[in-house]
file query_20.cif (mmCIF, C-alpha atoms and all ligand atoms)
data_final
#
loop_
_atom_site.label_atom_id
_atom_site.label_comp_id
_atom_site.auth_asym_id
_atom_site.auth_seq_id
_atom_site.Cartn_x
_atom_site.Cartn_y
_atom_site.Cartn_z
CA MET Z 76 -91.01 -49.79 144.69
CA LYS Z 77 -90.08 -53.41 145.27
CA LYS Z 78 -91.62 -54.35 141.95
CA SER Z 79 -89.61 -51.80 139.97
CA LEU Z 80 -86.38 -52.99 141.63
CA THR Z 81 -87.13 -56.49 140.51
CA VAL Z 82 -87.79 -55.27 136.99
CA SER Z 83 -84.48 -53.32 136.94
CA ALA Z 84 -82.59 -56.34 138.18
CA GLY Z 85 -84.17 -58.41 135.46
CA LEU Z 86 -83.16 -55.92 132.78
CA GLY Z 87 -79.61 -55.86 134.18
CA LEU Z 88 -79.35 -59.61 133.79
CA LEU Z 89 -80.73 -59.35 130.30
CA LEU Z 90 -78.14 -56.74 129.38
CA SER Z 91 -75.10 -58.37 130.92
CA GLY Z 92 -72.77 -59.81 128.39
CA CYS Z 93 -74.05 -57.87 125.41
CA ALA Z 94 -73.27 -54.45 123.97
CA GLY Z 95 -76.89 -53.31 124.29
CA PHE Z 96 -80.41 -54.51 123.79
CA GLU Z 97 -80.31 -57.24 121.22
CA PRO Z 98 -82.92 -56.43 118.61
CA HIS Z 99 -85.16 -59.21 117.54
CA ALA Z 100 -84.31 -60.32 114.05
CA GLY Z 101 -86.65 -58.84 111.49
CA TRP Z 102 -87.94 -56.11 113.84
CA VAL Z 103 -85.45 -53.44 112.90
CA GLU Z 104 -85.97 -50.70 110.34
CA ASP Z 105 -82.96 -49.71 108.24
CA ARG Z 106 -82.53 -45.94 108.23
CA GLY Z 107 -79.38 -45.58 106.21
CA GLN Z 108 -76.56 -44.92 108.69
CA TYR Z 109 -78.32 -46.69 111.57
CA LYS Z 110 -81.21 -48.99 112.32
CA ALA Z 111 -84.12 -48.55 114.70
CA ASP Z 112 -85.87 -51.30 116.62
CA THR Z 113 -89.43 -50.05 116.26
CA THR Z 114 -91.22 -53.05 117.68
CA SER Z 115 -89.59 -54.68 120.73
CA TYR Z 116 -90.24 -51.97 123.31
CA ARG Z 117 -93.23 -49.65 123.14
CA ALA Z 118 -94.34 -46.95 125.61
CA ILE Z 119 -97.90 -46.97 126.88
CA SER Z 120 -97.80 -43.19 127.45
CA GLN Z 121 -98.60 -41.81 124.02
CA ASN Z 122 -101.44 -40.37 122.01
CA GLU Z 123 -102.14 -39.01 118.54
CA ARG Z 124 -100.66 -35.60 117.72
CA ILE Z 125 -103.78 -34.97 115.68
CA ARG Z 126 -106.72 -34.09 117.91
CA TYR Z 127 -108.87 -31.76 115.80
CA LEU Z 128 -110.46 -31.68 112.38
CA VAL Z 129 -111.09 -28.17 111.05
CA LEU Z 130 -113.47 -27.44 108.15
CA HIS Z 131 -113.11 -24.41 105.88
CA TYR Z 132 -114.42 -22.88 102.70
CA THR Z 133 -111.89 -21.28 100.38
CA ALA Z 134 -114.11 -18.30 99.30
CA VAL Z 135 -112.59 -18.52 95.79
CA ASP Z 136 -112.96 -20.85 92.80
CA ASP Z 137 -111.12 -24.12 92.08
CA GLU Z 138 -108.22 -22.62 90.20
CA GLU Z 139 -107.57 -19.84 92.69
CA SER Z 140 -108.02 -22.22 95.65
CA LEU Z 141 -105.39 -24.56 94.25
CA ARG Z 142 -103.03 -21.72 93.51
CA LEU Z 143 -103.35 -20.16 96.98
CA LEU Z 144 -103.15 -23.44 98.85
CA THR Z 145 -100.23 -24.94 96.93
CA ALA Z 146 -98.10 -21.89 96.17
CA GLY Z 147 -99.23 -19.31 98.71
CA GLY Z 148 -98.67 -18.69 102.41
CA ALA Z 149 -101.59 -20.90 103.45
CA SER Z 150 -102.25 -24.59 103.00
CA ALA Z 151 -104.49 -27.42 104.14
CA HIS Z 152 -104.16 -31.16 104.30
CA TYR Z 153 -107.06 -31.75 101.94
CA LEU Z 154 -108.88 -29.78 99.26
CA VAL Z 155 -112.37 -30.71 98.12
CA THR Z 156 -112.96 -29.12 94.71
CA SER Z 157 -116.29 -27.73 93.48
CA ILE Z 158 -116.99 -30.94 91.56
CA PRO Z 159 -114.79 -33.68 93.05
CA GLY Z 160 -113.15 -35.95 90.50
CA SER Z 161 -113.84 -39.65 90.45
CA HIS Z 162 -111.54 -42.64 90.14
CA GLY Z 163 -112.71 -46.21 90.00
CA GLY Z 164 -116.16 -45.09 91.08
CA LYS Z 165 -114.89 -43.25 94.19
CA PRO Z 166 -114.70 -39.50 94.77
CA VAL Z 167 -111.21 -38.02 94.96
CA ALA Z 168 -109.93 -35.54 97.56
CA LEU Z 169 -106.73 -33.65 96.78
CA GLN Z 170 -104.13 -34.16 99.51
CA LEU Z 171 -101.87 -31.10 99.57
CA VAL Z 172 -100.05 -31.79 102.84
CA ASP Z 173 -99.38 -35.19 104.45
CA ASP Z 174 -101.37 -35.88 107.62
CA ASP Z 175 -98.22 -36.01 109.75
CA LYS Z 176 -97.05 -32.60 108.53
CA ARG Z 177 -98.30 -29.25 109.76
CA ALA Z 178 -100.48 -27.30 107.33
CA TRP Z 179 -101.14 -23.58 107.70
CA HIS Z 180 -104.92 -23.36 107.79
CA ALA Z 181 -106.02 -22.33 111.28
CA GLY Z 182 -103.93 -19.24 112.02
CA VAL Z 183 -104.40 -17.62 115.44
CA SER Z 184 -106.89 -20.00 116.97
CA TYR Z 185 -108.25 -21.52 120.17
CA TRP Z 186 -110.43 -24.44 121.12
CA ASN Z 187 -111.20 -25.93 124.51
CA GLY Z 188 -107.96 -24.96 126.23
CA ARG Z 189 -105.59 -25.18 123.29
CA HIS Z 190 -104.11 -22.45 121.13
CA ASN Z 191 -102.57 -22.56 117.65
CA LEU Z 192 -104.50 -25.48 116.27
CA ASN Z 193 -102.19 -25.86 113.27
CA ASP Z 194 -100.00 -27.92 115.60
CA THR Z 195 -102.65 -30.48 116.43
CA SER Z 196 -105.22 -30.48 113.65
CA LEU Z 197 -105.98 -31.59 110.13
CA GLY Z 198 -107.55 -29.01 107.83
CA ILE Z 199 -110.03 -29.64 105.04
CA GLU Z 200 -110.64 -26.77 102.62
CA ILE Z 201 -113.79 -26.89 100.51
CA VAL Z 202 -114.15 -24.85 97.34
CA ASN Z 203 -117.17 -22.64 98.04
CA LEU Z 204 -117.52 -18.90 97.50
CA GLY Z 205 -118.75 -18.23 101.03
CA TYR Z 206 -121.08 -15.26 100.86
CA THR Z 207 -121.95 -12.31 98.67
CA ASP Z 208 -123.38 -9.12 100.13
CA GLU Z 209 -126.24 -8.03 97.92
CA ALA Z 210 -128.91 -5.30 98.10
CA SER Z 211 -131.34 -7.84 99.55
CA GLY Z 212 -128.82 -8.93 102.18
CA ARG Z 213 -126.08 -11.50 102.62
CA ARG Z 214 -126.36 -14.51 100.32
CA TRP Z 215 -124.51 -17.68 101.30
CA HIS Z 216 -123.40 -20.04 98.57
CA PRO Z 217 -124.58 -23.65 98.93
CA TYR Z 218 -122.31 -26.68 99.02
CA GLN Z 219 -122.72 -29.31 96.29
CA PRO Z 220 -124.09 -32.74 97.29
CA ALA Z 221 -121.01 -34.38 95.72
CA GLN Z 222 -118.76 -32.27 97.96
CA ILE Z 223 -120.67 -33.28 101.09
CA GLU Z 224 -120.59 -36.92 100.01
CA LEU Z 225 -116.79 -36.77 99.74
CA ILE Z 226 -116.40 -34.83 103.00
CA GLU Z 227 -118.47 -37.44 104.77
CA ARG Z 228 -116.19 -40.25 103.58
CA LEU Z 229 -112.98 -38.30 104.15
CA ALA Z 230 -113.95 -37.03 107.62
CA ALA Z 231 -115.22 -40.43 108.75
CA ASP Z 232 -111.88 -41.98 107.81
CA LEU Z 233 -109.77 -39.30 109.52
CA ILE Z 234 -111.91 -39.37 112.67
CA LYS Z 235 -111.54 -43.12 112.89
CA ARG Z 236 -107.85 -43.15 112.04
CA TYR Z 237 -106.86 -40.54 114.63
CA GLY Z 238 -109.57 -41.05 117.24
CA ILE Z 239 -110.90 -37.49 116.90
CA THR Z 240 -113.80 -36.88 119.28
CA PRO Z 241 -117.09 -35.34 117.97
CA ASP Z 242 -116.58 -32.06 119.85
CA ASN Z 243 -113.17 -31.66 118.22
CA VAL Z 244 -114.61 -31.57 114.70
CA VAL Z 245 -114.93 -27.81 114.28
CA GLY Z 246 -115.30 -25.00 111.80
CA HIS Z 247 -112.70 -22.32 111.28
CA SER Z 248 -115.26 -19.86 112.69
CA ASP Z 249 -115.46 -21.91 115.92
CA ILE Z 250 -111.74 -21.59 116.58
CA ALA Z 251 -111.30 -18.02 115.26
CA PRO Z 252 -114.78 -16.48 115.66
CA LEU Z 253 -113.66 -12.86 115.64
CA ARG Z 254 -112.19 -13.03 112.13
CA LYS Z 255 -113.63 -16.08 110.33
CA SER Z 256 -117.06 -17.16 109.01
CA ASP Z 257 -116.18 -20.43 107.33
CA PRO Z 258 -117.54 -22.99 106.63
CA GLY Z 259 -120.69 -20.83 107.12
CA PRO Z 260 -124.33 -21.55 108.00
CA LEU Z 261 -125.00 -23.70 104.92
CA PHE Z 262 -122.45 -26.31 105.93
CA PRO Z 263 -124.60 -29.33 106.91
CA TRP Z 264 -123.29 -29.93 110.44
CA GLN Z 265 -126.53 -31.55 111.62
CA THR Z 266 -126.66 -34.01 108.70
CA LEU Z 267 -123.03 -34.95 109.22
CA ALA Z 268 -123.50 -35.35 112.98
CA ALA Z 269 -126.38 -37.75 112.30
CA ARG Z 270 -123.83 -39.81 110.34
CA GLY Z 271 -121.30 -39.81 113.17
CA ILE Z 272 -119.26 -36.78 112.15
CA GLY Z 273 -119.04 -33.97 114.70
CA ALA Z 274 -121.07 -32.91 117.71
CA TRP Z 275 -124.78 -32.18 118.00
CA PRO Z 276 -126.94 -31.58 121.08
CA ASP Z 277 -129.74 -33.96 122.06
CA PRO Z 278 -133.11 -32.29 121.31
CA ASP Z 279 -134.61 -33.41 124.65
CA THR Z 280 -131.78 -31.77 126.57
CA VAL Z 281 -132.23 -28.55 124.57
CA GLU Z 282 -135.95 -28.58 125.51
CA LYS Z 283 -135.02 -29.15 129.15
CA TYR Z 284 -132.79 -26.06 129.22
CA LEU Z 285 -135.31 -24.03 127.21
CA ALA Z 286 -137.67 -24.72 130.13
CA GLY Z 287 -140.78 -23.51 128.33
CA ARG Z 288 -139.34 -20.16 127.21
CA PRO Z 289 -139.98 -19.03 123.63
CA PRO Z 290 -136.80 -19.75 121.59
CA THR Z 291 -136.38 -16.08 120.76
CA ALA Z 292 -136.79 -14.84 124.35
CA ARG Z 293 -133.86 -12.75 125.49
CA ALA Z 294 -131.46 -14.78 127.63
CA SER Z 295 -128.70 -13.86 130.04
CA VAL Z 296 -125.54 -12.82 128.17
CA ALA Z 297 -123.44 -13.90 131.16
CA ARG Z 298 -124.92 -17.41 131.12
CA ILE Z 299 -124.35 -17.75 127.37
CA GLN Z 300 -120.76 -16.50 127.67
CA GLN Z 301 -120.20 -19.00 130.44
CA ALA Z 302 -121.69 -21.93 128.51
CA LEU Z 303 -119.80 -21.09 125.29
CA ALA Z 304 -116.51 -20.84 127.18
CA LYS Z 305 -117.18 -24.15 128.88
CA TYR Z 306 -117.93 -25.80 125.56
CA GLY Z 307 -114.67 -24.60 123.99
CA TYR Z 308 -115.01 -21.10 122.53
CA ARG Z 309 -112.65 -18.31 123.45
CA ILE Z 310 -115.00 -15.68 124.84
CA GLU Z 311 -114.48 -13.08 127.54
CA GLN Z 312 -116.84 -13.14 130.49
CA THR Z 313 -117.91 -9.48 130.24
CA GLY Z 314 -121.59 -10.02 131.02
CA THR Z 315 -122.52 -7.58 128.25
CA LEU Z 316 -123.36 -7.99 124.57
CA ASP Z 317 -120.20 -6.38 123.21
CA GLU Z 318 -119.07 -6.77 119.60
CA ALA Z 319 -116.76 -9.72 120.34
CA THR Z 320 -119.52 -11.57 122.21
CA ARG Z 321 -121.92 -11.03 119.32
CA LEU Z 322 -119.36 -12.47 116.89
CA VAL Z 323 -118.76 -15.57 119.02
CA ILE Z 324 -122.52 -16.12 119.42
CA THR Z 325 -122.89 -15.75 115.62
CA ALA Z 326 -120.13 -18.35 115.06
CA PHE Z 327 -121.87 -20.69 117.49
CA GLN Z 328 -125.23 -20.17 115.76
CA MET Z 329 -123.70 -20.79 112.31
CA HIS Z 330 -122.66 -24.21 113.58
CA PHE Z 331 -125.58 -25.25 115.80
CA ARG Z 332 -128.56 -23.01 114.92
CA PRO Z 333 -127.98 -21.97 111.29
CA ALA Z 334 -131.58 -20.80 110.67
CA ASP Z 335 -130.95 -17.68 112.76
CA ILE Z 336 -127.43 -16.28 112.95
CA THR Z 337 -128.09 -12.74 114.13
CA GLY Z 338 -125.82 -13.11 117.15
CA GLU Z 339 -128.72 -12.34 119.51
CA PRO Z 340 -128.35 -13.95 122.95
CA ASP Z 341 -131.68 -15.77 122.87
CA ALA Z 342 -133.05 -18.62 124.98
CA GLN Z 343 -132.61 -21.25 122.27
CA THR Z 344 -128.94 -20.36 121.82
CA GLU Z 345 -128.41 -20.65 125.58
CA ALA Z 346 -130.27 -23.97 125.72
CA ILE Z 347 -128.24 -25.46 122.84
CA ALA Z 348 -124.98 -24.35 124.45
CA LEU Z 349 -125.96 -25.84 127.82
CA ALA Z 350 -127.06 -29.09 126.14
CA LEU Z 351 -123.67 -29.37 124.42
CA VAL Z 352 -121.86 -28.73 127.70
CA GLU Z 353 -123.92 -31.43 129.39
CA LYS Z 354 -123.26 -33.92 126.59
CA TYR Z 355 -119.56 -33.31 125.95
CA ARG Z 356 -118.10 -31.54 128.99
CA SER Z 357 -119.48 -33.31 132.01
ZN ZN Y 1 -110.74 -21.05 106.95
#
call {"tool": "encode", "arguments": {"input": "query_20.cif", "output": "structure tokens"}}
result
Amino acid sequence: MKKSLTVSAGLGLLLSGCAGFEPHAGWVEDRGQYKADTTSYRAISQNERIRYLVLHYTAVDDEESLRLLTAGGASAHYLVTSIPGSHGGKPVALQLVDDDKRAWHAGVSYWNGRHNLNDTSLGIEIVNLGYTDEASGRRWHPYQPAQIELIERLAADLIKRYGITPDNVVGHSDIAPLRKSDPGPLFPWQTLAARGIGAWPDPDTVEKYLAGRPPTARASVARIQQALAKYGYRIEQTGTLDEATRLVITAFQMHFRPADITGEPDAQTEAIALALVEKYRS
């Protein structure tokens, strides 16, 4: 208390005799009808508005993606086309919305305590057709190496620039698992995580939680629901394998266990979820 009084008294002395805080010459920004001193006094209580990076596929081709995302009711900060262009030897991402503006890519969404991620995220849309349901089953369309190369560079820059944590680099299906499947099981989350982009569990910790069970052994739905909620997913603690639970488990598997995305509550799924909780939530 004494300290703050001293500080106030000091400021009072500083102010006496002048019309206000005297800006330091050269530290003011001219904004037309007024100027702002953007440098002399800075608050320590602040953080980035951008906390999440959300990955998507567009499910349509280049032309249609561009049309929908520039002239339609949805948008994203960046679009990675099917074959990214090149300029001066570097791949080019299309920026459709400035980073400091809100793009409409997430819709009704939730991650780790926060709703409506459009307010706090950057969205990257990737041109990829998603999946086709065929007689032999669902076929997912692969991403092109050039797309992944560009995403790696773009994501690394955004993560660094805004201090986005690994667990906050998510897929649309992670934040809206009941209605979205993008970027799908062929998105190379593990490869990207190995290069510092996004979260991945430590294999030893997964083994620890597997505790000798076969990966496909049936696990407790309640424990999986609990672990997924703790990690960040919006999932009701019903204790039963209802349709919503199966969809959330499928979304989780598409991200962290893409070889098997049946939505079955198996031991490996539980172990991966617990390993992620241990690594990022404790
Ligand atoms: Zn999406």
call {"tool": "atom_distance", "arguments": {"input": "query_20.cif", "atom1": "CA of Lys165 (chain Z)", "atom2": "CA of Gly273 (chain Z)"}}
result
22.9 Å
call {"tool": "closest_atom_pairs", "arguments": {"input": "query_20.cif", "of": "chain Z", "to": "ligand ZN 1 (chain Y)", "cutoff": "8 Å", "atoms": "all atoms listed in the file", "output": "JSON lines"}}
result
{"residue": "Z:Leu130", "atom": "CA", "partner": "Y:ZN1", "partner_atom": "ZN", "distance": 7.1}
{"residue": "Z:His131", "atom": "CA", "partner": "Y:ZN1", "partner_atom": "ZN", "distance": 4.2}
{"residue": "Z:Tyr132", "atom": "CA", "partner": "Y:ZN1", "partner_atom": "ZN", "distance": 5.9}
{"residue": "Z:Thr133", "atom": "CA", "partner": "Y:ZN1", "partner_atom": "ZN", "distance": 6.7}
{"residue": "Z:His180", "atom": "CA", "partner": "Y:ZN1", "partner_atom": "ZN", "distance": 6.3}
{"residue": "Z:Ala181", "atom": "CA", "partner": "Y:ZN1", "partner_atom": "ZN", "distance": 6.5}
{"residue": "Z:Glu200", "atom": "CA", "partner": "Y:ZN1", "partner_atom": "ZN", "distance": 7.2}
{"residue": "Z:Gly246", "atom": "CA", "partner": "Y:ZN1", "partner_atom": "ZN", "distance": 7.7}
{"residue": "Z:His247", "atom": "CA", "partner": "Y:ZN1", "partner_atom": "ZN", "distance": 4.9}
{"residue": "Z:Ser248", "atom": "CA", "partner": "Y:ZN1", "partner_atom": "ZN", "distance": 7.4}
{"residue": "Z:Lys255", "atom": "CA", "partner": "Y:ZN1", "partner_atom": "ZN", "distance": 6.7}
{"residue": "Z:Ser256", "atom": "CA", "partner": "Y:ZN1", "partner_atom": "ZN", "distance": 7.7}
{"residue": "Z:Asp257", "atom": "CA", "partner": "Y:ZN1", "partner_atom": "ZN", "distance": 5.5}
{"residue": "Z:Pro258", "atom": "CA", "partner": "Y:ZN1", "partner_atom": "ZN", "distance": 7.1}
call {"tool": "write_last_selection", "arguments": {"input": "query_20.cif", "atoms": "C-alpha atoms", "output": "short mmCIF file (atom, residue, chain, number, x, y, z; two decimals), in the coordinates of the input"}}
result
data_model
loop_
_atom_site.label_atom_id
_atom_site.label_comp_id
_atom_site.auth_asym_id
_atom_site.auth_seq_id
_atom_site.Cartn_x
_atom_site.Cartn_y
_atom_site.Cartn_z
CA LEU Z 130 -113.47 -27.44 108.15
CA HIS Z 131 -113.11 -24.41 105.88
CA TYR Z 132 -114.42 -22.88 102.70
CA THR Z 133 -111.89 -21.28 100.38
CA HIS Z 180 -104.92 -23.36 107.79
CA ALA Z 181 -106.02 -22.33 111.28
CA GLU Z 200 -110.64 -26.77 102.62
CA GLY Z 246 -115.30 -25.00 111.80
CA HIS Z 247 -112.70 -22.32 111.28
CA SER Z 248 -115.26 -19.86 112.69
CA LYS Z 255 -113.63 -16.08 110.33
CA SER Z 256 -117.06 -17.16 109.01
CA ASP Z 257 -116.18 -20.43 107.33
CA PRO Z 258 -117.54 -22.99 106.63
#
call {"tool": "atom_distance", "arguments": {"input": "query_20.cif", "atom1": "CA of Gly307 (chain Z)", "atom2": "CA of Arg214 (chain Z)"}}
result
28.3 Å
call {"tool": "closest_residue", "arguments": {"input": "query_20.cif", "among": "Z:Leu316, Z:Leu128, Z:Ala231, Z:Ile223", "to": "Ile199 (chain Z)", "atoms": "only C-alpha atoms"}}
result
Z:Leu128
call {"tool": "residues_around", "arguments": {"input": "query_20.cif", "residues": "Ala134 (chain Z)", "least_positions_apart": "2", "cutoff": "9 Å", "atoms": "all atoms listed in the file", "output": "list in words"}}
result
Tyr132, Asp136, Ser140, Ile201, Val202, Asn203, Leu204, Gly205, Tyr206 and Asp257 of chain Z
call {"tool": "closest_residue", "arguments": {"input": "query_20.cif", "among": "Z:Ala286, Z:Ile299, Z:Leu261, Z:Leu197", "to": "Val172 (chain Z)", "atoms": "all atoms listed in the file"}}
result
Z:Leu197
call {"tool": "atom_distance", "arguments": {"input": "query_20.cif", "atom1": "CA of Gly271 (chain Z)", "atom2": "CA of Tyr237 (chain Z)"}}
result
14.5 Å
call {"tool": "closest_residue", "arguments": {"input": "query_20.cif", "among": "Z:Gln121, Z:Pro217, Z:Asp112, Z:Ala230", "to": "His152 (chain Z)", "atoms": "all atoms listed in the file"}}
result
Z:Ala230
call {"tool": "closest_residue", "arguments": {"input": "query_20.cif", "among": "Z:Tyr127, Z:Trp186, Z:Phe331, Z:Tyr306", "to": "Gln265 (chain Z)", "atoms": "all atoms listed in the file"}}
result
Z:Phe331
call {"tool": "closest_residue", "arguments": {"input": "query_20.cif", "among": "Z:Asp249, Z:Arg126, Z:Glu138, Z:Gly198", "to": "Leu229 (chain Z)", "atoms": "all atoms listed in the file"}}
result
Z:Gly198
call {"tool": "closest_residue", "arguments": {"input": "query_20.cif", "among": "Z:Val323, Z:Met329, Z:Ala346, Z:Val352", "to": "Gly287 (chain Z)", "atoms": "all atoms listed in the file"}}
result
Z:Ala346
call {"tool": "residues_around", "arguments": {"input": "query_20.cif", "residues": "Leu253 (chain Z)", "least_positions_apart": "2", "cutoff": "12 Å", "atoms": "all atoms listed in the file", "output": "number ranges by chain"}}
result
Z: 183-185, 247-251, 255-257, 308-311, 317-327
call {"tool": "residues_around", "arguments": {"input": "query_20.cif", "residues": "Ile158 (chain Z)", "least_positions_apart": "5", "cutoff": "12 Å", "atoms": "all atoms listed in the file", "output": "NGL selection string"}}
result
:Z and (136-137 or 166-169 or 201-203 or 218-225)
call {"tool": "residues_near_point", "arguments": {"input": "query_20.cif", "point": "(-87.6, -53.6, 116.0)", "cutoff": "6 Å", "atoms": "all atoms listed in the file", "output": "ChimeraX atom specification"}}
result
/Z:102-103,112-115
call {"tool": "residues_near_point", "arguments": {"input": "query_20.cif", "point": "(-128.2, -17.1, 109.9)", "cutoff": "10 Å", "atoms": "all atoms listed in the file", "output": "ChimeraX atom specification"}}
result
/Z:213,215,259-261,325-326,328-330,332-338
call {"tool": "write_last_selection", "arguments": {"input": "query_20.cif", "atoms": "C-alpha atoms", "output": "PDB file, in the frame of the given file"}}
result
ATOM      1  CA  ARG Z 213    -126.080 -11.500 102.620  1.00  0.00           C
ATOM      2  CA  TRP Z 215    -124.510 -17.680 101.300  1.00  0.00           C
ATOM      3  CA  GLY Z 259    -120.690 -20.830 107.120  1.00  0.00           C
ATOM      4  CA  PRO Z 260    -124.330 -21.550 108.000  1.00  0.00           C
ATOM      5  CA  LEU Z 261    -125.000 -23.700 104.920  1.00  0.00           C
ATOM      6  CA  THR Z 325    -122.890 -15.750 115.620  1.00  0.00           C
ATOM      7  CA  ALA Z 326    -120.130 -18.350 115.060  1.00  0.00           C
ATOM      8  CA  GLN Z 328    -125.230 -20.170 115.760  1.00  0.00           C
ATOM      9  CA  MET Z 329    -123.700 -20.790 112.310  1.00  0.00           C
ATOM     10  CA  HIS Z 330    -122.660 -24.210 113.580  1.00  0.00           C
ATOM     11  CA  ARG Z 332    -128.560 -23.010 114.920  1.00  0.00           C
ATOM     12  CA  PRO Z 333    -127.980 -21.970 111.290  1.00  0.00           C
ATOM     13  CA  ALA Z 334    -131.580 -20.800 110.670  1.00  0.00           C
ATOM     14  CA  ASP Z 335    -130.950 -17.680 112.760  1.00  0.00           C
ATOM     15  CA  ILE Z 336    -127.430 -16.280 112.950  1.00  0.00           C
ATOM     16  CA  THR Z 337    -128.090 -12.740 114.130  1.00  0.00           C
ATOM     17  CA  GLY Z 338    -125.820 -13.110 117.150  1.00  0.00           C
TER      18      GLY Z 338
END
